[in-house]
$ cat work_20.txt   # compact mmCIF, C-alpha atoms (C1' of nucleotides)
# COMPACT_ATOMS: atom_id res chain seq x y z
CA MET A 1 86.55 24.99 80.44
CA ILE A 2 86.40 25.00 76.69
CA SER A 3 84.57 28.12 75.56
CA GLN A 4 81.14 28.12 73.98
CA LYS A 5 82.81 29.61 70.96
CA SER A 6 85.03 26.59 70.44
CA LYS A 7 82.18 24.21 71.00
CA TYR A 8 80.06 26.08 68.48
CA ALA A 9 82.91 26.07 65.98
CA LEU A 10 83.38 22.32 66.26
CA ARG A 11 79.68 21.64 65.96
CA ALA A 12 79.37 23.94 62.97
CA LEU A 13 82.22 22.14 61.24
CA LEU A 14 80.61 18.80 61.98
CA ALA A 15 77.37 20.05 60.50
CA LEU A 16 79.20 21.06 57.34
CA ALA A 17 80.96 17.72 57.25
CA ARG A 18 77.59 15.97 57.05
CA ILE A 19 76.39 17.64 53.86
CA ALA A 20 77.32 16.48 50.40
CA PRO A 21 80.71 17.67 49.12
CA GLY A 22 80.33 20.86 47.10
CA GLU A 23 76.96 21.68 48.63
CA THR A 24 76.59 24.68 50.91
CA MET A 25 74.69 25.24 54.14
CA ARG A 26 73.36 28.63 55.19
CA ILE A 27 74.39 30.24 58.48
CA ALA A 28 70.76 30.26 59.57
CA ALA A 29 70.44 26.55 58.89
CA ILE A 30 73.57 25.70 60.87
CA ALA A 31 72.45 27.93 63.72
CA ALA A 32 69.04 26.31 63.86
CA ARG A 33 70.28 22.77 63.55
CA GLU A 34 73.05 23.15 66.15
CA THR A 35 71.24 25.60 68.44
CA ILE A 36 73.82 28.35 68.10
CA PRO A 37 73.02 32.10 68.28
CA LYS A 38 73.07 33.16 64.64
CA LYS A 39 75.00 36.40 65.02
CA PHE A 40 77.60 34.72 67.17
CA LEU A 41 77.95 31.95 64.63
CA GLU A 42 78.53 34.49 61.87
CA GLN A 43 81.68 35.68 63.61
CA ILE A 44 82.86 32.16 64.25
CA LEU A 45 82.41 31.13 60.64
CA LEU A 46 84.28 34.21 59.47
CA GLU A 47 87.20 33.23 61.67
CA LEU A 48 87.09 29.70 60.34
CA LYS A 49 87.02 31.09 56.82
CA ARG A 50 90.03 33.36 57.36
CA ALA A 51 91.91 30.39 58.76
CA GLY A 52 91.11 28.30 55.70
CA PHE A 53 88.83 25.71 57.24
CA VAL A 54 85.77 26.72 55.26
CA ALA A 55 84.73 28.75 52.23
CA SER A 56 81.57 30.70 51.58
CA ARG A 57 79.32 31.86 48.77
CA ARG A 58 77.26 35.00 49.04
CA GLY A 59 73.87 35.91 47.68
CA LYS A 60 70.94 33.66 46.95
CA HIS A 61 71.91 29.99 47.29
CA GLY A 62 74.89 31.14 49.31
CA GLY A 63 76.24 29.45 52.39
CA TYR A 64 79.27 27.73 53.80
CA LEU A 65 81.16 24.59 52.91
CA LEU A 66 84.25 22.79 54.15
CA LEU A 67 87.42 23.74 52.34
CA ARG A 68 89.36 20.78 53.66
CA SER A 69 88.08 17.26 53.91
CA PRO A 70 86.87 16.01 57.31
CA GLU A 71 89.97 13.81 57.54
CA GLU A 72 92.15 16.89 57.41
CA ILE A 73 90.36 18.96 60.03
CA VAL A 74 92.00 18.32 63.37
CA PHE A 75 90.37 19.23 66.67
CA GLY A 76 93.56 20.74 68.04
CA ASP A 77 93.87 23.14 65.10
CA VAL A 78 90.33 24.39 65.55
CA LEU A 79 90.84 24.93 69.26
CA ARG A 80 94.10 26.77 68.76
CA LEU A 81 92.32 29.12 66.40
CA MET A 82 89.28 29.73 68.57
CA GLU A 83 90.86 29.84 71.99
CA GLY A 84 93.81 32.02 71.09
CA PRO A 85 97.35 31.31 72.17
CA PHE A 86 96.33 29.16 75.05
CA VAL A 87 97.93 26.60 77.23
CA PRO A 88 97.24 25.91 80.88
CA LEU A 89 99.93 28.38 81.83
CA GLY A 90 100.84 31.52 79.97
CA CYS A 91 104.53 30.71 80.17
CA LEU A 92 103.94 27.54 78.16
CA SER A 93 102.82 29.28 75.02
CA ARG A 94 104.72 28.74 71.81
CA GLY A 95 108.20 30.15 71.75
CA GLY A 96 108.05 30.95 75.43
CA HIS A 97 106.14 34.17 75.01
CA ARG A 98 103.86 35.37 77.78
CA PRO A 99 106.30 34.50 80.51
CA CYS A 100 105.10 34.40 84.06
CA THR A 101 105.82 37.69 85.74
CA ASP A 102 105.64 36.07 89.13
CA CYS A 103 107.84 33.04 88.63
CA ARG A 104 111.44 33.52 89.68
CA ASP A 105 113.06 30.98 87.42
CA ARG A 106 111.15 29.25 84.66
CA ARG A 107 113.47 26.31 84.70
CA LEU A 108 112.69 25.72 88.35
CA CYS A 109 108.95 26.30 88.12
CA ALA A 110 107.48 23.05 89.35
CA VAL A 111 103.97 23.98 88.36
CA ARG A 112 105.12 24.67 84.86
CA ARG A 113 106.68 21.28 84.47
CA VAL A 114 103.60 19.36 85.52
CA PHE A 115 101.38 21.27 83.15
CA ALA A 116 103.78 20.79 80.29
CA ARG A 117 103.02 17.09 80.63
CA VAL A 118 99.28 17.73 80.71
CA VAL A 119 99.56 19.77 77.56
CA ALA A 120 101.47 17.02 75.79
CA ALA A 121 98.89 14.41 76.77
CA SER A 122 95.97 16.60 75.70
CA ASP A 123 97.62 17.41 72.42
CA GLU A 124 98.10 13.80 71.62
CA ILE A 125 94.35 13.33 71.71
CA LEU A 126 93.28 16.63 70.21
CA ASP A 127 95.77 16.48 67.37
CA GLY A 128 94.92 12.86 66.74
CA THR A 129 91.20 13.41 66.29
CA THR A 130 89.62 14.70 63.10
CA LEU A 131 86.09 15.50 62.10
CA SER A 132 85.87 12.29 60.18
CA ASP A 133 86.71 10.23 63.25
CA LEU A 134 83.53 11.48 64.80
CA LEU A 135 81.41 11.18 61.70
CA SER A 136 82.25 7.58 61.09
CA ASP A 137 81.59 6.56 64.68
CA PRO A 138 78.80 8.76 65.98
CA MET A 139 78.27 6.80 69.15
CA GLY A 140 81.92 6.27 69.96
CA GLY A 141 81.34 2.57 70.41
CA LEU A 142 79.11 3.16 73.40
CA ALA A 143 75.73 1.54 73.65
CA GLY A 144 74.60 2.64 77.10
CA GLU A 145 73.79 5.90 78.76
CA PRO A 146 76.53 8.29 79.82
CA GLU A 147 75.52 7.51 83.38
CA GLU A 148 76.77 4.00 82.82
CA TRP A 149 80.19 5.02 81.72
CA SER A 150 83.07 3.72 83.73
CA GLY A 151 86.80 3.83 84.03
CA ALA A 152 88.69 5.89 81.54
CA MET A 153 85.53 7.26 79.94
CA ARG A 154 84.14 8.72 83.11
CA PRO A 155 84.53 12.47 83.28
CA ILE A 156 86.18 12.85 86.63
CA SER A 157 88.90 15.37 86.15
CA LEU A 158 88.22 18.89 87.10
CA VAL A 159 91.18 20.68 85.70
CA LYS A 160 89.96 23.83 84.20
CA MET A 161 90.07 23.84 80.45
CA MET B 1 94.28 28.35 81.19
CA ILE B 2 94.90 27.40 84.76
CA SER B 3 93.96 30.37 86.93
CA GLN B 4 96.41 32.49 88.85
CA LYS B 5 94.64 31.34 91.95
CA SER B 6 95.48 27.69 91.33
CA LYS B 7 99.03 28.50 90.45
CA TYR B 8 99.40 30.54 93.62
CA ALA B 9 97.90 27.72 95.66
CA LEU B 10 100.31 25.16 94.27
CA ARG B 11 103.29 27.41 94.78
CA ALA B 12 102.24 28.22 98.32
CA LEU B 13 101.91 24.54 99.12
CA LEU B 14 105.33 23.87 97.65
CA ALA B 15 106.77 26.64 99.79
CA LEU B 16 105.25 25.04 102.88
CA ALA B 17 106.56 21.66 101.80
CA ARG B 18 110.08 23.02 101.88
CA ILE B 19 110.13 24.09 105.52
CA ALA B 20 110.87 21.74 108.38
CA PRO B 21 107.91 19.60 109.55
CA GLY B 22 106.11 21.27 112.43
CA GLU B 23 107.51 24.70 111.61
CA THR B 24 105.22 27.45 110.34
CA MET B 25 105.61 30.06 107.65
CA ARG B 26 103.86 33.43 107.76
CA ILE B 27 101.53 34.55 104.97
CA ALA B 28 103.75 37.55 104.36
CA ALA B 29 106.78 35.31 104.00
CA ILE B 30 105.07 33.02 101.50
CA ALA B 31 103.77 36.00 99.55
CA ALA B 32 107.20 37.58 99.36
CA ARG B 33 109.03 34.40 98.49
CA GLU B 34 106.55 33.29 95.82
CA THR B 35 105.64 36.74 94.54
CA ILE B 36 101.94 36.44 95.34
CA PRO B 37 99.69 39.37 96.35
CA LYS B 38 99.39 38.99 100.10
CA LYS B 39 95.68 39.65 100.47
CA PHE B 40 94.87 37.29 97.63
CA LEU B 41 97.06 34.65 99.20
CA GLU B 42 95.19 35.01 102.50
CA GLN B 43 91.98 33.88 100.84
CA ILE B 44 93.69 31.03 99.06
CA LEU B 45 95.27 29.73 102.25
CA LEU B 46 91.93 29.89 104.02
CA GLU B 47 90.41 27.73 101.33
CA LEU B 48 93.27 25.29 101.57
CA LYS B 49 92.80 25.23 105.33
CA ARG B 50 89.07 24.54 105.13
CA ALA B 51 89.79 21.71 102.72
CA GLY B 52 92.29 20.18 105.12
CA PHE B 53 95.49 20.72 103.17
CA VAL B 54 97.05 23.06 105.71
CA ALA B 55 96.66 24.23 109.30
CA SER B 56 97.40 27.61 110.83
CA ARG B 57 98.40 29.26 114.10
CA ARG B 58 97.35 32.78 114.93
CA GLY B 59 99.07 35.52 116.88
CA LYS B 60 102.75 36.13 117.29
CA HIS B 61 104.84 33.29 115.85
CA GLY B 62 101.77 32.25 113.91
CA GLY B 63 101.72 31.04 110.33
CA TYR B 64 100.80 28.10 108.14
CA LEU B 65 102.00 24.54 107.87
CA LEU B 66 101.11 21.48 105.81
CA LEU B 67 98.58 19.22 107.44
CA ARG B 68 99.28 16.33 105.10
CA SER B 69 102.69 15.18 104.00
CA PRO B 70 103.90 16.24 100.54
CA GLU B 71 103.46 12.65 99.34
CA GLU B 72 99.75 12.91 100.08
CA ILE B 73 99.04 16.21 98.39
CA VAL B 74 97.95 15.52 94.84
CA PHE B 75 97.90 18.18 92.15
CA GLY B 76 94.48 17.13 90.92
CA ASP B 77 92.93 17.57 94.35
CA VAL B 78 94.29 21.08 94.72
CA LEU B 79 93.03 22.05 91.28
CA ARG B 80 89.59 20.62 91.89
CA LEU B 81 89.37 22.73 95.03
CA MET B 82 90.61 25.95 93.49
CA GLU B 83 89.01 25.77 90.09
CA GLY B 84 85.60 24.64 91.19
CA PRO B 85 83.61 21.89 89.48
CA PHE B 86 85.48 22.15 86.25
CA VAL B 87 85.98 20.06 83.20
CA PRO B 88 86.48 21.21 79.63
CA LEU B 89 82.75 21.02 79.02
CA GLY B 90 80.05 21.73 81.55
CA CYS B 91 78.19 18.58 80.62
CA LEU B 92 81.19 16.51 81.74
CA SER B 93 81.00 17.52 85.38
CA ARG B 94 80.53 14.88 88.04
CA GLY B 95 77.19 13.13 87.95
CA GLY B 96 76.31 14.77 84.67
CA HIS B 97 75.20 18.02 86.24
CA ARG B 98 75.48 21.23 84.30
CA PRO B 99 74.15 19.69 81.13
CA CYS B 100 74.60 21.53 77.87
CA THR B 101 71.49 23.50 77.09
CA ASP B 102 72.37 23.59 73.43
CA CYS B 103 73.22 19.98 72.76
CA ARG B 104 70.37 17.90 71.41
CA ASP B 105 71.46 14.50 72.65
CA ARG B 106 74.33 14.06 75.05
CA ARG B 107 74.97 10.56 73.84
CA LEU B 108 75.47 11.81 70.32
CA CYS B 109 77.56 14.84 71.24
CA ALA B 110 80.79 14.31 69.37
CA VAL B 111 82.53 17.18 71.06
CA ARG B 112 81.68 15.76 74.43
CA ARG B 113 83.25 12.42 73.65
CA VAL B 114 86.56 13.83 72.53
CA PHE B 115 86.90 15.95 75.62
CA ALA B 116 86.05 13.07 77.89
CA ARG B 117 89.22 11.46 76.63
CA VAL B 118 91.21 14.64 77.21
CA VAL B 119 89.92 14.80 80.75
CA ALA B 120 90.92 11.21 81.42
CA ALA B 121 94.43 11.79 80.09
CA SER B 122 94.89 14.98 82.09
CA ASP B 123 93.62 13.34 85.25
CA GLU B 124 96.07 10.54 84.92
CA ILE B 125 98.90 13.05 85.17
CA LEU B 126 97.39 15.44 87.68
CA ASP B 127 96.24 12.71 90.03
CA GLY B 128 99.56 10.95 89.70
CA THR B 129 101.69 13.89 90.74
CA THR B 130 102.23 14.99 94.33
CA LEU B 131 104.11 17.83 95.93
CA SER B 132 106.91 15.47 96.87
CA ASP B 133 107.44 14.45 93.26
CA LEU B 134 108.40 18.00 92.53
CA LEU B 135 110.46 18.54 95.65
CA SER B 136 112.64 15.52 95.06
CA ASP B 137 113.33 16.43 91.45
CA PRO B 138 113.39 20.19 91.23
CA MET B 139 114.75 20.30 87.71
CA GLY B 140 112.60 17.52 86.32
CA GLY B 141 115.62 15.83 84.85
CA LEU B 142 116.23 18.69 82.46
CA ALA B 143 119.61 20.30 82.14
CA GLY B 144 119.03 22.78 79.35
CA GLU B 145 116.88 25.80 78.77
CA PRO B 146 113.15 25.51 78.12
CA GLU B 147 113.87 26.75 74.61
CA GLU B 148 115.75 23.55 74.01
CA TRP B 149 112.90 21.29 74.94
CA SER B 150 111.72 18.93 72.30
CA GLY B 151 109.17 16.26 71.59
CA ALA B 152 106.77 15.40 74.32
CA MET B 153 108.02 18.13 76.62
CA ARG B 154 107.36 20.92 74.18
CA PRO B 155 104.31 22.95 75.07
CA ILE B 156 102.44 22.89 71.82
CA SER B 157 98.84 22.33 72.72
CA LEU B 158 96.61 25.29 72.98
CA VAL B 159 93.49 23.82 74.43
CA LYS B 160 92.19 26.22 76.97
CA MET B 161 92.65 25.02 80.47
C1' DC C 1 98.61 45.93 127.27
C1' DT C 2 100.70 45.82 122.78
C1' DA C 3 102.43 44.01 118.71
C1' DA C 4 102.08 40.48 115.49
C1' DT C 5 99.37 37.47 112.98
C1' DA C 6 95.45 35.03 111.01
C1' DT C 7 90.16 35.51 109.84
C1' DC C 8 86.26 37.20 107.68
C1' DT C 9 83.06 39.97 104.74
C1' DA C 10 82.53 43.05 101.38
C1' DT C 11 83.66 45.36 97.33
C1' DA C 12 86.34 47.19 93.49
C1' DA C 13 88.95 46.78 89.26
C1' DA C 14 90.01 44.33 85.25
C1' DA C 15 89.58 40.94 81.92
C1' DT C 16 87.05 37.81 79.22
C1' DC C 17 83.22 35.64 77.24
C1' DT C 18 78.89 35.76 75.07
C1' DA C 19 75.80 37.84 72.39
C1' DT C 20 73.47 41.51 69.70
C1' DA C 21 72.97 45.60 66.49
C1' DG C 22 73.15 47.63 62.33
C1' DA C 23 75.12 49.16 58.14
C1' DC C 24 77.39 47.27 54.12
C1' DT C 25 78.56 44.09 50.00
C1' DA C 26 77.85 40.44 46.76
C1' DT C 27 74.92 37.15 44.14
C1' DT C 28 70.84 35.40 42.10
C1' DG C 29 66.34 35.27 39.75
C1' DC C 30 63.11 37.71 37.50
C1' DG D 1 67.70 47.03 36.84
C1' DC D 2 65.61 45.66 41.00
C1' DA D 3 64.30 43.12 44.85
C1' DA D 4 65.33 39.41 47.74
C1' DT D 5 68.69 36.64 49.85
C1' DA D 6 72.77 35.76 52.22
C1' DG D 7 77.41 36.64 53.81
C1' DT D 8 80.82 40.65 55.82
C1' DC D 9 82.38 43.87 58.93
C1' DT D 10 82.80 46.97 63.01
C1' DA D 11 81.20 48.28 67.13
C1' DT D 12 79.28 47.71 71.50
C1' DA D 13 76.55 45.96 75.26
C1' DG D 14 75.67 42.67 78.96
C1' DA D 15 77.10 39.15 81.90
C1' DT D 16 80.32 36.55 84.24
C1' DT D 17 84.65 35.44 86.16
C1' DT D 18 89.03 36.50 87.76
C1' DT D 19 92.07 39.07 90.35
C1' DA D 20 92.97 41.95 93.86
C1' DT D 21 92.21 45.27 97.73
C1' DA D 22 90.11 47.26 102.01
C1' DG D 23 89.05 47.29 106.52
C1' DA D 24 87.29 45.56 110.67
C1' DT D 25 87.80 41.51 113.90
C1' DA D 26 89.83 37.62 116.60
C1' DT D 27 93.77 35.30 118.67
C1' DT D 28 98.31 34.61 120.66
C1' DA D 29 102.97 35.69 122.69
C1' DG D 30 105.47 38.21 125.62
$ encode --input "work_20.txt" --output "structure tokens"
Amino acid sequence: MISQKSKYALRALLALARIAPGETMRIAAIAARETIPKKFLEQILLELKRAGFVASRRGKHGGYLLLRSPEEIVFGDVLRLMEGPFVPLGCLSRGGHRPCTDCRDRRLCAVRRVFARVVAASDEILDGTTLSDLLSDPMGGLAGEPEEWSGAMRPISLVKM
Amino acid sequence: MISQKSKYALRALLALARIAPGETMRIAAIAARETIPKKFLEQILLELKRAGFVASRRGKHGGYLLLRSPEEIVFGDVLRLMEGPFVPLGCLSRGGHRPCTDCRDRRLCAVRRVFARVVAASDEILDGTTLSDLLSDPMGGLAGEPEEWSGAMRPISLVKM
DNA sequence: CTAATATCTATAAAATCTATAGACTATTGC
DNA sequence: GCAATAGTCTATAGATTTTATAGATATTAG
């Protein structure tokens, strides 16, 4: 499962992407509009600020704004920041850190190999989607209800994310 | 991240896939060979038994064996059993249960749409891989070290699974 | 009968996720 | 300068989930 924190971060960034460039939006306004606990959102926005996604102004008329354009903000980057050094298996993290302690030989770990493919497929989507992709096509080309989805759009998989 | 439990389950099934058909393998033997806590493994094997993946014999000379052939045991099915009703977002679970409580309109939820695509891509791999795929190709066609992986095989993505 | 082995229920220990609290700092308008 | 507004920072609490362990029970072989 993606964490609430990541979901909140993505929604907050989308909210900021909808305001006029150069304008700011207050934490309280984002929290209210996106239904996010304000104090939790504060921490999330600070993380996003430290990572260079957003900037802030303090004091009266303060608030947050995007530091990069929506075309440059990639879903995968936001998730990597919010979720920490995560892949489906610890031993798949960058540089091979966090090795399994219970896996005799990484090269022979069958589980590892399958999930490496899942990671690659997920990355292709997450690193190929930006905020602007979602802004320009708010309904994703769908006209019906989610209940009417079929085929590739149907949420069937249950792998934990 | 995939849970330890799922990883243990997959490794246990692979261990059972390697023994002769009709033979059994004791819990203690699987635990030792795959470096899995024995008592934890007991619970996992019971779940796998209830779901029809394996069968067991009690008493002396008891143990576990696969109830389906390795060609019929699909990674996705095992994960769905072990991880529960999971998708990257609660509102993507089967039948649309577990709706977001903080998302105004599911049809407009941009985050939801992106992750629906991730789910579909992951499923394609997980539901297309069986135990026998891994048995017949233990090295996955790779000759070098994981550190030498490149391109699509490199574990870059950090989406939490 | 006894030893080996799986079964079952409960609980403990640890980690993580989510959220809240409260004091502090900076900016603006008057 | 002062008050109001709004972001910053550190700590911690509460809840949930994950991981693992304990111990009593049931079954089978010999």
$ residues_around --input "work_20.txt" --residues "A:Leu45" --least-positions-apart "2" --cutoff "12 Å" --atoms "all atoms listed in the file" --output "short mmCIF file (atom, residue, chain, number, x, y, z; two decimals) with C-alpha atoms (C1' of nucleotides), keeping the file's coordinate frame"
data_model
loop_
_atom_site.label_atom_id
_atom_site.label_comp_id
_atom_site.auth_asym_id
_atom_site.auth_seq_id
_atom_site.Cartn_x
_atom_site.Cartn_y
_atom_site.Cartn_z
CA LYS A 5 82.81 29.61 70.96
CA SER A 6 85.03 26.59 70.44
CA TYR A 8 80.06 26.08 68.48
CA ALA A 9 82.91 26.07 65.98
CA LEU A 10 83.38 22.32 66.26
CA ARG A 11 79.68 21.64 65.96
CA ALA A 12 79.37 23.94 62.97
CA LEU A 13 82.22 22.14 61.24
CA LEU A 16 79.20 21.06 57.34
CA MET A 25 74.69 25.24 54.14
CA ARG A 26 73.36 28.63 55.19
CA ILE A 27 74.39 30.24 58.48
CA ALA A 28 70.76 30.26 59.57
CA ILE A 30 73.57 25.70 60.87
CA ALA A 31 72.45 27.93 63.72
CA ILE A 36 73.82 28.35 68.10
CA LYS A 38 73.07 33.16 64.64
CA LYS A 39 75.00 36.40 65.02
CA PHE A 40 77.60 34.72 67.17
CA LEU A 41 77.95 31.95 64.63
CA GLU A 42 78.53 34.49 61.87
CA GLN A 43 81.68 35.68 63.61
CA GLU A 47 87.20 33.23 61.67
CA LEU A 48 87.09 29.70 60.34
CA LYS A 49 87.02 31.09 56.82
CA ARG A 50 90.03 33.36 57.36
CA ALA A 51 91.91 30.39 58.76
CA GLY A 52 91.11 28.30 55.70
CA PHE A 53 88.83 25.71 57.24
CA VAL A 54 85.77 26.72 55.26
CA ALA A 55 84.73 28.75 52.23
CA SER A 56 81.57 30.70 51.58
CA GLY A 63 76.24 29.45 52.39
CA TYR A 64 79.27 27.73 53.80
CA LEU A 65 81.16 24.59 52.91
CA LEU A 66 84.25 22.79 54.15
CA VAL A 78 90.33 24.39 65.55
CA LEU A 81 92.32 29.12 66.40
CA MET A 82 89.28 29.73 68.57
"C1'" DG D 7 77.41 36.64 53.81
"C1'" DT D 8 80.82 40.65 55.82
#
$ closest_atom_pairs --input "work_20.txt" --of "chain A" --to "chain C" --cutoff "8 Å" --atoms "all atoms listed in the file" --output "Markdown table"
| residue | atom | partner | partner_atom | distance |
| --- | --- | --- | --- | --- |
| A:Ser3 | CA | C:DC17 | C1' | 7.8 |
| A:Pro37 | CA | C:DA19 | C1' | 7.6 |
| A:Lys39 | CA | C:DT20 | C1' | 7.1 |
| A:Phe40 | CA | C:DA19 | C1' | 6.3 |
| A:Arg58 | CA | C:DT27 | C1' | 5.8 |
| A:Gly59 | CA | C:DT27 | C1' | 3.9 |
| A:Lys60 | CA | C:DT28 | C1' | 5.2 |
| A:His61 | CA | C:DT28 | C1' | 7.6 |
| A:Gly62 | CA | C:DT27 | C1' | 7.9 |
$ interface_residues --input "work_20.txt" --of "chain D" --to "chain B" --cutoff "7 Å" --atoms "all atoms listed in the file" --output "short mmCIF file (atom, residue, chain, number, x, y, z; two decimals) with C-alpha atoms (C1' of nucleotides), keeping the file's coordinate frame"
data_model
loop_
_atom_site.label_atom_id
_atom_site.label_comp_id
_atom_site.auth_asym_id
_atom_site.auth_seq_id
_atom_site.Cartn_x
_atom_site.Cartn_y
_atom_site.Cartn_z
"C1'" DA D 20 92.97 41.95 93.86
"C1'" DT D 27 93.77 35.30 118.67
"C1'" DT D 28 98.31 34.61 120.66
"C1'" DA D 29 102.97 35.69 122.69
#
$ atom_distance --input "work_20.txt" --atom1 "atom CA of B:Val74" --atom2 "atom CA of A:Val118"
14.4 Å
$ atom_distance --input "work_20.txt" --atom1 "atom CA of B:Glu71" --atom2 "atom CA of A:Ala116"
20.7 Å
$ atom_distance --input "work_20.txt" --atom1 "atom CA of A:Asp133" --atom2 "atom CA of A:Pro21"
17.1 Å
$ residues_around --input "work_20.txt" --residues "A:Phe75" --least-positions-apart "2" --cutoff "7 Å" --atoms "all atoms listed in the file" --output "list of chain:residue names"
A:Ile73, A:Asp77, A:Val78, A:Leu79, A:Leu126, A:Asp127, A:Thr129, A:Thr130
$ closest_residue --input "work_20.txt" --among "A:Ile2, A:Ile44, A:Ala17, A:Ala29" --to "chain B" --atoms "only C-alpha atoms"
A:Ile2
